[in-house]
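Pasting my_file-v8.cif here (mmCIF, C-alpha atoms):
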```
data_protein
loop_
_atom_site.label_atom_id
_atom_site.label_comp_id
_atom_site.auth_asym_id
_atom_site.auth_seq_id
_atom_site.Cartn_x
_atom_site.Cartn_y
_atom_site.Cartn_z
CA MET X 314 -11.19 -16.61 -7.04
CA VAL X 315 -10.88 -19.82 -5.03
CA PHE X 316 -8.62 -19.96 -1.99
CA LEU X 317 -8.35 -23.02 0.26
CA GLY X 318 -11.46 -24.44 -1.34
CA LYS X 319 -13.51 -21.32 -0.61
CA LYS X 320 -14.74 -18.82 -3.13
CA LEU X 321 -13.50 -15.34 -2.35
CA ASP X 322 -15.39 -12.35 -3.65
CA ASP X 323 -13.60 -9.21 -4.73
CA TRP X 324 -15.18 -7.29 -1.88
CA TYR X 325 -13.71 -9.77 0.60
CA LEU X 326 -10.22 -9.34 -0.84
CA GLU X 327 -10.62 -5.57 -0.73
CA GLU X 328 -11.62 -5.85 2.91
CA ILE X 329 -8.52 -7.93 3.68
CA PHE X 330 -6.28 -5.45 1.89
CA ASP X 331 -7.99 -2.51 3.60
CA ASN X 332 -7.35 -4.14 6.97
CA GLU X 333 -3.66 -4.47 6.13
CA LEU X 334 -3.51 -0.81 5.11
CA VAL X 335 -5.20 0.22 8.36
CA ARG X 336 -2.51 -1.74 10.20
CA LEU X 337 0.13 0.10 8.16
CA ARG X 338 -1.45 3.47 9.03
CA LYS X 339 -1.48 2.65 12.73
CA LYS X 340 2.01 1.20 13.07
CA ASN X 341 4.27 2.87 10.51
CA LYS X 342 5.38 6.34 11.63
CA ASN X 343 6.98 7.13 8.26
CA TYR X 344 3.71 6.32 6.48
CA GLN X 345 1.81 8.53 8.93
CA LYS X 346 4.29 11.36 8.27
CA LEU X 347 3.82 11.08 4.50
CA ILE X 348 0.02 11.15 4.84
CA ALA X 349 0.23 14.20 7.11
CA GLU X 350 2.55 16.01 4.66
CA ARG X 351 0.18 15.30 1.79
CA ILE X 352 -2.82 16.63 3.72
CA GLU X 353 -0.88 19.69 4.85
CA LEU X 354 0.21 20.42 1.29
CA LYS X 355 -3.38 20.26 0.03
CA ASP X 356 -4.62 22.42 2.88
CA LYS X 357 -2.10 25.20 2.25
CA ASN X 358 -2.54 25.34 -1.54
CA GLN X 359 -6.10 25.90 -2.75
CA LYS X 360 -5.18 25.48 -6.42
CA LEU X 361 -3.65 22.10 -5.70
CA LEU X 362 -6.71 21.14 -3.69
CA GLN X 363 -8.99 22.12 -6.58
CA LEU X 364 -6.93 20.05 -9.00
CA VAL X 365 -6.67 16.85 -6.97
CA GLU X 366 -10.08 16.91 -5.29
CA ASN X 367 -12.29 18.39 -8.01
CA ASN X 368 -10.27 17.79 -11.19
CA THR X 369 -10.49 21.52 -11.83
CA LEU X 370 -7.69 23.04 -13.89
CA CYS X 371 -6.10 26.19 -12.49
CA ASP X 372 -3.32 28.51 -13.56
CA PHE X 373 -0.36 27.36 -11.51
CA THR X 374 2.43 29.64 -10.42
CA LYS X 375 5.96 28.29 -10.10
CA ALA X 376 5.33 27.71 -6.38
CA ASP X 377 2.09 25.89 -7.16
CA SER X 378 3.94 23.68 -9.62
CA LYS X 379 6.55 22.83 -6.97
CA ASP X 380 3.77 21.94 -4.55
CA PHE X 381 2.14 19.74 -7.19
CA LEU X 382 5.42 17.89 -7.86
CA LYS X 383 5.92 17.42 -4.11
CA TYR X 384 2.34 16.13 -3.84
CA LEU X 385 2.95 13.60 -6.63
CA THR X 386 6.20 12.48 -5.00
CA LEU X 387 4.42 11.97 -1.68
CA LEU X 388 1.60 10.09 -3.38
CA GLU X 389 4.08 7.85 -5.19
CA GLU X 390 5.91 7.01 -1.97
CA ILE X 391 2.63 6.31 -0.16
CA CYS X 392 1.50 3.97 -2.97
CA ARG X 393 4.89 2.22 -2.93
CA MET X 394 4.59 1.58 0.80
CA GLU X 395 1.04 0.27 0.41
CA LYS X 396 1.99 -2.08 -2.43
CA LYS X 397 4.95 -3.35 -0.41
CA GLU X 398 2.70 -4.01 2.58
CA ILE X 399 0.17 -5.91 0.45
CA PHE X 400 3.00 -7.92 -1.16
CA PHE X 401 4.38 -8.96 2.24
CA PHE X 402 0.87 -9.81 3.42
CA GLY X 403 0.50 -12.10 0.39
CA MET X 404 3.87 -13.72 1.07
CA ARG X 405 2.90 -14.40 4.71
CA GLU X 406 -0.33 -15.99 3.54
CA ALA X 407 1.52 -18.04 0.89
CA TYR X 408 4.03 -19.24 3.49
CA TYR X 409 1.18 -20.33 5.77
CA LEU X 410 -0.58 -22.08 2.90
CA PHE X 411 2.58 -23.84 1.68
CA ASN X 412 3.38 -24.93 5.22
CA GLU X 413 -0.15 -26.33 5.69
CA MET X 414 0.21 -28.24 2.43
CA GLY X 415 3.52 -29.73 3.60
CA LEU X 416 5.48 -28.10 0.80
CA LEU X 417 8.06 -26.49 3.10
CA LYS X 418 10.94 -28.32 4.67
CA GLU X 419 12.26 -27.57 8.10
CA ARG X 420 15.32 -25.38 8.25
CA GLY X 421 18.55 -27.30 8.26
CA LYS X 422 17.00 -30.50 6.94
CA ARG X 423 17.76 -31.24 3.33
CA ASP X 424 17.48 -34.27 1.18
CA VAL X 425 21.01 -35.28 0.31
CA LYS X 426 21.52 -37.89 -2.34
CA ASN X 427 24.82 -39.77 -2.34
#
```

As structure tokens, please, write out the structure in this file.
Amino acid sequence: MVFLGKKLDDWYLEEIFDNELVRLRKKNKNYQKLIAERIELKDKNQKLLQLVENNTLCDFTKADSKDFLKYLTLLEEICRMEKKEIFFFGMREAYYLFNEMGLLKERGKRDVKN
């Protein structure tokens, strides 16, 4: 991938995204709460832990199944927040790039043709 005339390797992009996710982890209390809930859920249910960590199938009770559904819901919400953060990061970078290229007009100034 080429960005601003420089070749970007996949590892570099991953590092940028990882940095954004670290920022999300540090600043977003809701994200921190979801991560903590997910860890707590795995810690209290050994069958769930075996499934998600070791890909080991276990006989789930009804309670185990509820925990698994809650785990998936938490994971989905965490992923949604991460994708949203990466999207906004990309939009900030695009705005900066477009501004540097002179493609953005100042607010309130418009070309009006009579």

Quick one: residues within 12 Å of Ile352 (chain X), all atoms listed in the file, excluding same-chain residues fewer than 2 positions away - as a PDB file with C-alpha atoms, in the frame of the given file?
```
ATOM      1  CA  GLN X 345       1.810   8.530   8.930  1.00  0.00           C
ATOM      2  CA  LYS X 346       4.290  11.360   8.270  1.00  0.00           C
ATOM      3  CA  LEU X 347       3.820  11.080   4.500  1.00  0.00           C
ATOM      4  CA  ILE X 348       0.020  11.150   4.840  1.00  0.00           C
ATOM      5  CA  ALA X 349       0.230  14.200   7.110  1.00  0.00           C
ATOM      6  CA  GLU X 350       2.550  16.010   4.660  1.00  0.00           C
ATOM      7  CA  LEU X 354       0.210  20.420   1.290  1.00  0.00           C
ATOM      8  CA  LYS X 355      -3.380  20.260   0.030  1.00  0.00           C
ATOM      9  CA  ASP X 356      -4.620  22.420   2.880  1.00  0.00           C
ATOM     10  CA  LYS X 357      -2.100  25.200   2.250  1.00  0.00           C
ATOM     11  CA  ASN X 358      -2.540  25.340  -1.540  1.00  0.00           C
ATOM     12  CA  GLN X 359      -6.100  25.900  -2.750  1.00  0.00           C
ATOM     13  CA  LEU X 361      -3.650  22.100  -5.700  1.00  0.00           C
ATOM     14  CA  LEU X 362      -6.710  21.140  -3.690  1.00  0.00           C
ATOM     15  CA  VAL X 365      -6.670  16.850  -6.970  1.00  0.00           C
ATOM     16  CA  GLU X 366     -10.080  16.910  -5.290  1.00  0.00           C
ATOM     17  CA  ASP X 380       3.770  21.940  -4.550  1.00  0.00           C
ATOM     18  CA  LYS X 383       5.920  17.420  -4.110  1.00  0.00           C
ATOM     19  CA  TYR X 384       2.340  16.130  -3.840  1.00  0.00           C
ATOM     20  CA  LEU X 387       4.420  11.970  -1.680  1.00  0.00           C
ATOM     21  CA  LEU X 388       1.600  10.090  -3.380  1.00  0.00           C
TER      22      LEU X 388
END
```

(message) Quick check on the file I pasted: which residues fall under the PyMOL selection byres ((chain X and resi 396-411) around 12)? Write them as an NGL selection string.
(response) :X and (316-318 or 326-327 or 329-338 or 340-341 or 344 or 389-395 or 412-418)

Go ahead and fit an axis-aligned box to every listed atom of region 336-339 of chain X plus 6 Å each side, and pass me the centre and edge lengths in Å, one decimal, as AutoDock Vina command-line options.
```
--center_x -1.2 --center_y 0.9 --center_z 10.4 --size_x 14.6 --size_y 17.2 --size_z 16.6
```

(request) Just give me the gap between CA of Lys379 (chain X) and CA of Lys360 (chain X) in Å, one decimal is fine. (result) 12.0 Å

(message) If I take CA of Leu364 (chain X) and CA of Phe381 (chain X), how far is one from the other in Å, to one decimal?
(response)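 Distance reported for this atom pair: 9.3 Å.
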